[in-house]
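Raw start-v8.pdb, PDB, N, CA and C atoms:
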```pdb
MODEL        1
ATOM      1  N   MET X   1      36.592 -56.072  56.070
ATOM      2  CA  MET X   1      37.283 -57.350  55.937
ATOM      3  C   MET X   1      37.415 -57.696  54.460
ATOM      4  N   ALA X   2      38.610 -58.039  54.051
ATOM      5  CA  ALA X   2      38.870 -58.420  52.665
ATOM      6  C   ALA X   2      38.333 -59.832  52.402
ATOM      7  N   LYS X   3      38.101 -60.114  51.130
ATOM      8  CA  LYS X   3      37.658 -61.452  50.757
ATOM      9  C   LYS X   3      38.743 -62.465  51.118
ATOM     10  N   LYS X   4      38.337 -63.609  51.594
ATOM     11  CA  LYS X   4      39.285 -64.664  51.969
ATOM     12  C   LYS X   4      40.147 -65.068  50.780
ATOM     13  N   SER X   5      39.545 -65.096  49.595
ATOM     14  CA  SER X   5      40.295 -65.518  48.416
ATOM     15  C   SER X   5      41.446 -64.564  48.110
ATOM     16  N   LYS X   6      41.251 -63.280  48.335
ATOM     17  CA  LYS X   6      42.311 -62.297  48.098
ATOM     18  C   LYS X   6      43.445 -62.469  49.109
ATOM     19  N   ILE X   7      43.084 -62.727  50.359
ATOM     20  CA  ILE X   7      44.086 -62.924  51.409
ATOM     21  C   ILE X   7      44.900 -64.182  51.127
ATOM     22  N   VAL X   8      44.221 -65.256  50.738
ATOM     23  CA  VAL X   8      44.895 -66.529  50.440
ATOM     24  C   VAL X   8      45.803 -66.378  49.220
ATOM     25  N   ALA X   9      45.325 -65.661  48.194
ATOM     26  CA  ALA X   9      46.136 -65.452  46.991
ATOM     27  C   ALA X   9      47.403 -64.682  47.330
ATOM     28  N   ASN X  10      47.289 -63.702  48.202
ATOM     29  CA  ASN X  10      48.456 -62.917  48.594
ATOM     30  C   ASN X  10      49.444 -63.774  49.384
ATOM     31  N   GLU X  11      48.947 -64.643  50.245
ATOM     32  CA  GLU X  11      49.825 -65.554  50.992
ATOM     33  C   GLU X  11      50.548 -66.505  50.045
ATOM     34  N   ARG X  12      49.839 -66.972  49.026
ATOM     35  CA  ARG X  12      50.451 -67.851  48.027
ATOM     36  C   ARG X  12      51.566 -67.111  47.287
ATOM     37  N   ARG X  13      51.315 -65.847  46.935
ATOM     38  CA  ARG X  13      52.336 -65.044  46.266
ATOM     39  C   ARG X  13      53.572 -64.897  47.140
ATOM     40  N   LYS X  14      53.371 -64.679  48.445
ATOM     41  CA  LYS X  14      54.511 -64.544  49.361
ATOM     42  C   LYS X  14      55.360 -65.808  49.346
ATOM     43  N   ALA X  15      54.703 -66.963  49.319
ATOM     44  CA  ALA X  15      55.429 -68.236  49.300
ATOM     45  C   ALA X  15      56.217 -68.389  47.997
ATOM     46  N   VAL X  16      55.621 -68.011  46.866
ATOM     47  CA  VAL X  16      56.292 -68.122  45.570
ATOM     48  C   VAL X  16      57.494 -67.181  45.521
ATOM     49  N   VAL X  17      57.329 -65.965  46.029
ATOM     50  CA  VAL X  17      58.435 -65.005  46.060
ATOM     51  C   VAL X  17      59.590 -65.572  46.869
ATOM     52  N   GLN X  18      59.273 -66.140  48.019
ATOM     53  CA  GLN X  18      60.311 -66.705  48.879
ATOM     54  C   GLN X  18      61.018 -67.878  48.205
ATOM     55  N   ARG X  19      60.265 -68.711  47.501
ATOM     56  CA  ARG X  19      60.833 -69.883  46.845
ATOM     57  C   ARG X  19      61.819 -69.489  45.742
ATOM     58  N   TYR X  20      61.503 -68.433  44.995
ATOM     59  CA  TYR X  20      62.331 -68.042  43.854
ATOM     60  C   TYR X  20      63.317 -66.915  44.179
ATOM     61  N   ALA X  21      63.344 -66.421  45.387
ATOM     62  CA  ALA X  21      64.133 -65.230  45.731
ATOM     63  C   ALA X  21      65.619 -65.388  45.415
ATOM     64  N   GLU X  22      66.203 -66.494  45.815
ATOM     65  CA  GLU X  22      67.641 -66.681  45.635
ATOM     66  C   GLU X  22      68.009 -66.748  44.150
ATOM     67  N   ARG X  23      67.296 -67.561  43.403
ATOM     68  CA  ARG X  23      67.566 -67.706  41.964
ATOM     69  C   ARG X  23      67.335 -66.388  41.236
ATOM     70  N   ARG X  24      66.278 -65.680  41.620
ATOM     71  CA  ARG X  24      65.957 -64.396  41.006
ATOM     72  C   ARG X  24      67.073 -63.376  41.259
ATOM     73  N   ALA X  25      67.624 -63.369  42.473
ATOM     74  CA  ALA X  25      68.715 -62.456  42.804
ATOM     75  C   ALA X  25      69.958 -62.767  41.967
ATOM     76  N   GLU X  26      70.244 -64.053  41.773
ATOM     77  CA  GLU X  26      71.383 -64.448  40.949
ATOM     78  C   GLU X  26      71.215 -63.952  39.514
ATOM     79  N   LEU X  27      70.011 -64.129  38.971
ATOM     80  CA  LEU X  27      69.757 -63.704  37.597
ATOM     81  C   LEU X  27      69.829 -62.183  37.463
ATOM     82  N   LYS X  28      69.300 -61.476  38.443
ATOM     83  CA  LYS X  28      69.357 -60.012  38.421
ATOM     84  C   LYS X  28      70.814 -59.537  38.439
ATOM     85  N   GLU X  29      71.644 -60.200  39.226
ATOM     86  CA  GLU X  29      73.063 -59.847  39.296
ATOM     87  C   GLU X  29      73.738 -60.125  37.958
ATOM     88  N   ALA X  30      73.367 -61.235  37.310
ATOM     89  CA  ALA X  30      73.929 -61.569  36.002
ATOM     90  C   ALA X  30      73.526 -60.518  34.965
ATOM     91  N   VAL X  31      72.310 -60.039  35.045
ATOM     92  CA  VAL X  31      71.851 -58.992  34.125
ATOM     93  C   VAL X  31      72.651 -57.716  34.363
ATOM     94  N   ARG X  32      72.938 -57.441  35.618
ATOM     95  CA  ARG X  32      73.626 -56.201  35.967
ATOM     96  C   ARG X  32      75.111 -56.218  35.601
ATOM     97  N   THR X  33      75.766 -57.367  35.791
ATOM     98  CA  THR X  33      77.226 -57.388  35.653
ATOM     99  C   THR X  33      77.766 -58.287  34.542
ATOM    100  N   GLY X  34      76.972 -59.141  33.964
ATOM    101  CA  GLY X  34      77.483 -60.122  33.000
ATOM    102  C   GLY X  34      77.803 -59.545  31.642
ATOM    103  N   THR X  35      78.381 -60.412  30.797
ATOM    104  CA  THR X  35      78.650 -60.027  29.412
ATOM    105  C   THR X  35      77.325 -59.963  28.670
ATOM    106  N   SER X  36      77.367 -59.504  27.440
ATOM    107  CA  SER X  36      76.114 -59.357  26.684
ATOM    108  C   SER X  36      75.418 -60.709  26.481
ATOM    109  N   GLN X  37      76.197 -61.760  26.257
ATOM    110  CA  GLN X  37      75.615 -63.094  26.090
ATOM    111  C   GLN X  37      74.972 -63.567  27.396
ATOM    112  N   GLU X  38      75.685 -63.403  28.506
ATOM    113  CA  GLU X  38      75.151 -63.810  29.820
ATOM    114  C   GLU X  38      73.917 -62.996  30.177
ATOM    115  N   ARG X  39      73.957 -61.715  29.836
ATOM    116  CA  ARG X  39      72.808 -60.844  30.094
ATOM    117  C   ARG X  39      71.564 -61.340  29.381
ATOM    118  N   ALA X  40      71.715 -61.627  28.118
ATOM    119  CA  ALA X  40      70.582 -62.089  27.312
ATOM    120  C   ALA X  40      70.016 -63.390  27.872
ATOM    121  N   GLU X  41      70.915 -64.288  28.259
ATOM    122  CA  GLU X  41      70.487 -65.556  28.855
ATOM    123  C   GLU X  41      69.728 -65.337  30.167
ATOM    124  N   ALA X  42      70.252 -64.435  31.011
ATOM    125  CA  ALA X  42      69.626 -64.147  32.304
ATOM    126  C   ALA X  42      68.257 -63.498  32.121
ATOM    127  N   VAL X  43      68.141 -62.624  31.145
ATOM    128  CA  VAL X  43      66.858 -61.968  30.874
ATOM    129  C   VAL X  43      65.830 -63.008  30.443
ATOM    130  N   ARG X  44      66.242 -63.932  29.586
ATOM    131  CA  ARG X  44      65.325 -65.002  29.150
ATOM    132  C   ARG X  44      64.912 -65.878  30.329
ATOM    133  N   ALA X  45      65.877 -66.199  31.198
ATOM    134  CA  ALA X  45      65.566 -67.025  32.371
ATOM    135  C   ALA X  45      64.613 -66.302  33.310
ATOM    136  N   LEU X  46      64.800 -64.999  33.485
ATOM    137  CA  LEU X  46      63.874 -64.217  34.324
ATOM    138  C   LEU X  46      62.473 -64.213  33.724
ATOM    139  N   ALA X  47      62.400 -64.121  32.409
ATOM    140  CA  ALA X  47      61.096 -64.098  31.734
ATOM    141  C   ALA X  47      60.369 -65.438  31.875
ATOM    142  N   ARG X  48      61.123 -66.513  32.014
ATOM    143  CA  ARG X  48      60.513 -67.845  32.165
ATOM    144  C   ARG X  48      59.978 -68.101  33.568
ATOM    145  N   GLN X  49      60.448 -67.324  34.535
ATOM    146  CA  GLN X  49      59.966 -67.527  35.909
ATOM    147  C   GLN X  49      58.505 -67.100  36.018
ATOM    148  N   PRO X  50      57.780 -67.631  37.014
ATOM    149  CA  PRO X  50      56.385 -67.230  37.188
ATOM    150  C   PRO X  50      56.277 -65.744  37.513
ATOM    151  N   ARG X  51      55.197 -65.117  37.100
ATOM    152  CA  ARG X  51      54.997 -63.696  37.381
ATOM    153  C   ARG X  51      54.985 -63.423  38.877
ATOM    154  N   ASP X  52      54.382 -64.323  39.618
ATOM    155  CA  ASP X  52      54.268 -64.123  41.062
ATOM    156  C   ASP X  52      55.595 -64.284  41.795
ATOM    157  N   ALA X  53      56.674 -64.599  41.078
ATOM    158  CA  ALA X  53      57.987 -64.706  41.716
ATOM    159  C   ALA X  53      58.572 -63.327  42.009
ATOM    160  N   SER X  54      57.985 -62.297  41.422
ATOM    161  CA  SER X  54      58.461 -60.935  41.654
ATOM    162  C   SER X  54      57.875 -60.388  42.952
ATOM    163  N   ALA X  55      58.724 -59.801  43.779
ATOM    164  CA  ALA X  55      58.274 -59.292  45.082
ATOM    165  C   ALA X  55      57.281 -58.150  44.950
ATOM    166  N   THR X  56      57.272 -57.461  43.801
ATOM    167  CA  THR X  56      56.341 -56.349  43.637
ATOM    168  C   THR X  56      54.896 -56.818  43.480
ATOM    169  N   ARG X  57      54.695 -58.103  43.268
ATOM    170  CA  ARG X  57      53.329 -58.627  43.129
ATOM    171  C   ARG X  57      52.643 -58.817  44.479
ATOM    172  N   VAL X  58      53.412 -58.801  45.561
ATOM    173  CA  VAL X  58      52.843 -58.994  46.897
ATOM    174  C   VAL X  58      52.235 -57.674  47.361
ATOM    175  N   ARG X  59      51.044 -57.764  47.922
ATOM    176  CA  ARG X  59      50.318 -56.583  48.374
ATOM    177  C   ARG X  59      50.417 -56.473  49.888
ATOM    178  N   ASN X  60      50.720 -55.272  50.395
ATOM    179  CA  ASN X  60      50.721 -55.059  51.839
ATOM    180  C   ASN X  60      49.278 -55.052  52.324
ATOM    181  N   ARG X  61      48.968 -55.920  53.283
ATOM    182  CA  ARG X  61      47.610 -56.011  53.805
ATOM    183  C   ARG X  61      47.616 -55.945  55.318
ATOM    184  N   ASP X  62      46.495 -55.496  55.871
ATOM    185  CA  ASP X  62      46.293 -55.454  57.316
ATOM    186  C   ASP X  62      46.411 -56.880  57.850
ATOM    187  N   SER X  63      47.195 -57.056  58.903
ATOM    188  CA  SER X  63      47.413 -58.394  59.445
ATOM    189  C   SER X  63      46.190 -58.937  60.159
ATOM    190  N   VAL X  64      45.256 -58.086  60.548
ATOM    191  CA  VAL X  64      44.063 -58.533  61.265
ATOM    192  C   VAL X  64      42.943 -58.910  60.305
ATOM    193  N   ASP X  65      42.565 -57.997  59.404
ATOM    194  CA  ASP X  65      41.417 -58.282  58.546
ATOM    195  C   ASP X  65      41.725 -58.268  57.047
ATOM    196  N   GLY X  66      42.979 -58.003  56.666
ATOM    197  CA  GLY X  66      43.366 -58.104  55.266
ATOM    198  C   GLY X  66      43.064 -56.882  54.416
ATOM    199  N   ARG X  67      42.708 -55.756  55.028
ATOM    200  CA  ARG X  67      42.384 -54.551  54.257
ATOM    201  C   ARG X  67      43.627 -54.129  53.470
ATOM    202  N   PRO X  68      43.481 -53.894  52.137
ATOM    203  CA  PRO X  68      44.644 -53.615  51.306
ATOM    204  C   PRO X  68      45.081 -52.154  51.271
ATOM    205  N   ARG X  69      44.231 -51.246  51.682
ATOM    206  CA  ARG X  69      44.570 -49.823  51.554
ATOM    207  C   ARG X  69      44.853 -49.196  52.910
ATOM    208  N   GLY X  70      45.606 -48.108  52.895
ATOM    209  CA  GLY X  70      45.909 -47.400  54.128
ATOM    210  C   GLY X  70      46.770 -48.214  55.079
ATOM    211  N   HIS X  71      47.727 -48.947  54.532
ATOM    212  CA  HIS X  71      48.565 -49.849  55.326
ATOM    213  C   HIS X  71      49.694 -49.081  56.007
ATOM    214  N   LEU X  72      49.857 -49.254  57.310
ATOM    215  CA  LEU X  72      50.959 -48.656  58.057
ATOM    216  C   LEU X  72      52.002 -49.743  58.287
ATOM    217  N   THR X  73      53.107 -49.658  57.577
ATOM    218  CA  THR X  73      54.129 -50.697  57.582
ATOM    219  C   THR X  73      54.684 -50.965  58.976
ATOM    220  N   ARG X  74      54.903 -49.912  59.734
ATOM    221  CA  ARG X  74      55.514 -50.054  61.052
ATOM    222  C   ARG X  74      54.701 -50.959  61.976
ATOM    223  N   PHE X  75      53.383 -50.959  61.807
ATOM    224  CA  PHE X  75      52.507 -51.737  62.678
ATOM    225  C   PHE X  75      51.873 -52.933  61.979
ATOM    226  N   GLY X  76      51.916 -52.971  60.667
ATOM    227  CA  GLY X  76      51.296 -54.062  59.922
ATOM    228  C   GLY X  76      49.783 -54.001  59.941
ATOM    229  N   LEU X  77      49.241 -52.807  60.162
ATOM    230  CA  LEU X  77      47.802 -52.612  60.268
ATOM    231  C   LEU X  77      47.345 -51.548  59.279
ATOM    232  N   SER X  78      46.044 -51.561  58.990
ATOM    233  CA  SER X  78      45.486 -50.481  58.184
ATOM    234  C   SER X  78      45.225 -49.296  59.103
ATOM    235  N   ARG X  79      45.034 -48.130  58.509
ATOM    236  CA  ARG X  79      44.806 -46.910  59.294
ATOM    237  C   ARG X  79      43.552 -47.028  60.158
ATOM    238  N   VAL X  80      42.539 -47.714  59.646
ATOM    239  CA  VAL X  80      41.282 -47.869  60.377
ATOM    240  C   VAL X  80      41.497 -48.751  61.606
ATOM    241  N   ARG X  81      42.110 -49.918  61.407
ATOM    242  CA  ARG X  81      42.362 -50.864  62.496
ATOM    243  C   ARG X  81      43.331 -50.261  63.522
ATOM    244  N   PHE X  82      44.340 -49.516  63.037
ATOM    245  CA  PHE X  82      45.292 -48.868  63.930
ATOM    246  C   PHE X  82      44.562 -47.919  64.874
ATOM    247  N   ARG X  83      43.674 -47.118  64.334
ATOM    248  CA  ARG X  83      42.945 -46.137  65.147
ATOM    249  C   ARG X  83      42.072 -46.833  66.198
ATOM    250  N   GLU X  84      41.366 -47.871  65.771
ATOM    251  CA  GLU X  84      40.502 -48.622  66.701
ATOM    252  C   GLU X  84      41.322 -49.215  67.848
ATOM    253  N   MET X  85      42.434 -49.872  67.491
ATOM    254  CA  MET X  85      43.254 -50.530  68.507
ATOM    255  C   MET X  85      43.941 -49.518  69.418
ATOM    256  N   ALA X  86      44.338 -48.373  68.860
ATOM    257  CA  ALA X  86      44.982 -47.335  69.672
ATOM    258  C   ALA X  86      43.986 -46.767  70.685
ATOM    259  N   HIS X  87      42.754 -46.548  70.274
ATOM    260  CA  HIS X  87      41.733 -46.016  71.185
ATOM    261  C   HIS X  87      41.422 -46.988  72.319
ATOM    262  N   ARG X  88      41.485 -48.283  72.004
ATOM    263  CA  ARG X  88      41.214 -49.296  73.033
ATOM    264  C   ARG X  88      42.433 -49.574  73.902
ATOM    265  N   GLY X  89      43.583 -48.986  73.558
ATOM    266  CA  GLY X  89      44.808 -49.181  74.331
ATOM    267  C   GLY X  89      45.493 -50.499  74.065
ATOM    268  N   GLU X  90      45.284 -51.083  72.905
ATOM    269  CA  GLU X  90      45.862 -52.383  72.564
ATOM    270  C   GLU X  90      47.236 -52.282  71.921
ATOM    271  N   LEU X  91      47.699 -51.068  71.651
ATOM    272  CA  LEU X  91      49.017 -50.876  71.058
ATOM    273  C   LEU X  91      49.930 -50.213  72.087
ATOM    274  N   PRO X  92      50.903 -50.934  72.595
ATOM    275  CA  PRO X  92      51.783 -50.367  73.619
ATOM    276  C   PRO X  92      52.544 -49.158  73.107
ATOM    277  N   GLY X  93      52.583 -48.121  73.915
ATOM    278  CA  GLY X  93      53.318 -46.924  73.575
ATOM    279  C   GLY X  93      52.596 -45.944  72.663
ATOM    280  N   ILE X  94      51.394 -46.279  72.265
ATOM    281  CA  ILE X  94      50.613 -45.406  71.384
ATOM    282  C   ILE X  94      49.476 -44.799  72.195
ATOM    283  N   ARG X  95      49.351 -43.476  72.093
ATOM    284  CA  ARG X  95      48.224 -42.827  72.738
ATOM    285  C   ARG X  95      47.774 -41.670  71.885
ATOM    286  N   LYS X  96      46.546 -41.264  72.104
ATOM    287  CA  LYS X  96      45.963 -40.179  71.320
ATOM    288  C   LYS X  96      46.630 -38.864  71.682
ATOM    289  N   ALA X  97      46.952 -38.102  70.666
ATOM    290  CA  ALA X  97      47.597 -36.807  70.906
ATOM    291  C   ALA X  97      46.580 -35.790  71.393
ATOM    292  N   SER X  98      47.009 -34.950  72.322
ATOM    293  CA  SER X  98      46.175 -33.822  72.736
ATOM    294  C   SER X  98      47.105 -32.677  73.092
ATOM    295  N   TRP X  99      46.835 -31.536  72.542
ATOM    296  CA  TRP X  99      47.666 -30.373  72.820
ATOM    297  C   TRP X  99      46.853 -29.108  72.796
TER     298      TRP X  99
ENDMDL
END
```
Before we go any further, please render this structure as structure tokens.
Amino acid sequence: MAKKSKIVANERRKAVVQRYAERRAELKEAVRTGTSQERAEAVRALARQPRDASATRVRNRDSVDGRPRGHLTRFGLSRVRFREMAHRGELPGIRKASW
């Protein structure tokens, strides 16, 4: 189980990313397509935004216990939790392979 503070911090980052997403996309587009003056302005505006406004700051965590490593995106679980739940039959359509 991850520390509660780490889980809460990650949730806060998700909220900040969502809040700034639209404005950030506009600025990124201006950097990509604008004139040199507009580009420079957009770069400065991006630099003024909070660091946590970038989506790369969000960490993929296990939805059950917050484990940060071994995350399986398709299920939203860590490899450890996935295995436990699969063995108990809690994941529909998943079963242990045998051949």
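The list of residues with at least one atom within 12 Å of X:Ala45, based on only C-alpha atoms and without residues fewer than 6 positions apart in the same chain, reads Tyr20, Arg23, Arg24, Ala25, Glu26, Leu27, Lys28, Ala30, Val31, Glu38 and Arg39 of chain X.
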message: Residues of chain X classed as helix (DSSP H, G or I) by DSSP on the backbone are to be reported as a count of residues only.
response: 59
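Those residues in chain X carrying a DSSP assignment of strand (DSSP E), computed from the backbone, are His71, Leu72, Leu77 and Ser78 of chain X.
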I'd like the contact shell of X:Leu77 - 6.5 Å cut-off, all atoms listed in the file, skipping same-chain residues fewer than 4 positions apart - returned as a tab-separated table (two decimals) with N, CA and C atoms, in the frame of the given file.
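Contents of the output file out-v7.tsv:
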```tsv
chain	number	residue	atom	x	y	z
X	61	ARG	N	48.97	-55.92	53.28
X	61	ARG	CA	47.61	-56.01	53.80
X	61	ARG	C	47.62	-55.94	55.32
X	62	ASP	N	46.50	-55.50	55.87
X	62	ASP	CA	46.29	-55.45	57.32
X	62	ASP	C	46.41	-56.88	57.85
X	63	SER	N	47.20	-57.06	58.90
X	63	SER	CA	47.41	-58.39	59.44
X	63	SER	C	46.19	-58.94	60.16
X	64	VAL	N	45.26	-58.09	60.55
X	64	VAL	CA	44.06	-58.53	61.26
X	64	VAL	C	42.94	-58.91	60.30
X	70	GLY	N	45.61	-48.11	52.90
X	70	GLY	CA	45.91	-47.40	54.13
X	70	GLY	C	46.77	-48.21	55.08
X	71	HIS	N	47.73	-48.95	54.53
X	71	HIS	CA	48.56	-49.85	55.33
X	71	HIS	C	49.69	-49.08	56.01
X	72	LEU	N	49.86	-49.25	57.31
X	72	LEU	CA	50.96	-48.66	58.06
X	72	LEU	C	52.00	-49.74	58.29
X	73	THR	N	53.11	-49.66	57.58
X	73	THR	CA	54.13	-50.70	57.58
X	73	THR	C	54.68	-50.96	58.98
X	81	ARG	N	42.11	-49.92	61.41
X	81	ARG	CA	42.36	-50.86	62.50
X	81	ARG	C	43.33	-50.26	63.52
X	82	PHE	N	44.34	-49.52	63.04
X	82	PHE	CA	45.29	-48.87	63.93
X	82	PHE	C	44.56	-47.92	64.87
```
query: Could you name the residues that touch stretch 50-60 of chain X at 10 Å or less, counting only C-alpha atoms, but leaving out those on the same chain fewer than 2 positions away, as a VMD selection string?
result: chain X and resid 6 to 7 9 to 21 24 46 to 48 62 to 63 66 to 73 76 to 78
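Coordinates place atom CA of X:Gln49 at a distance of 15.6 Å from atom CA of X:Glu29.
The two atoms in question, atom CA of X:Ala2 and atom CA of X:Ile94, are spaced 25.6 Å apart.
Across the model, the gap from atom CA of X:Lys4 to atom CA of X:Glu22 is 29.1 Å.
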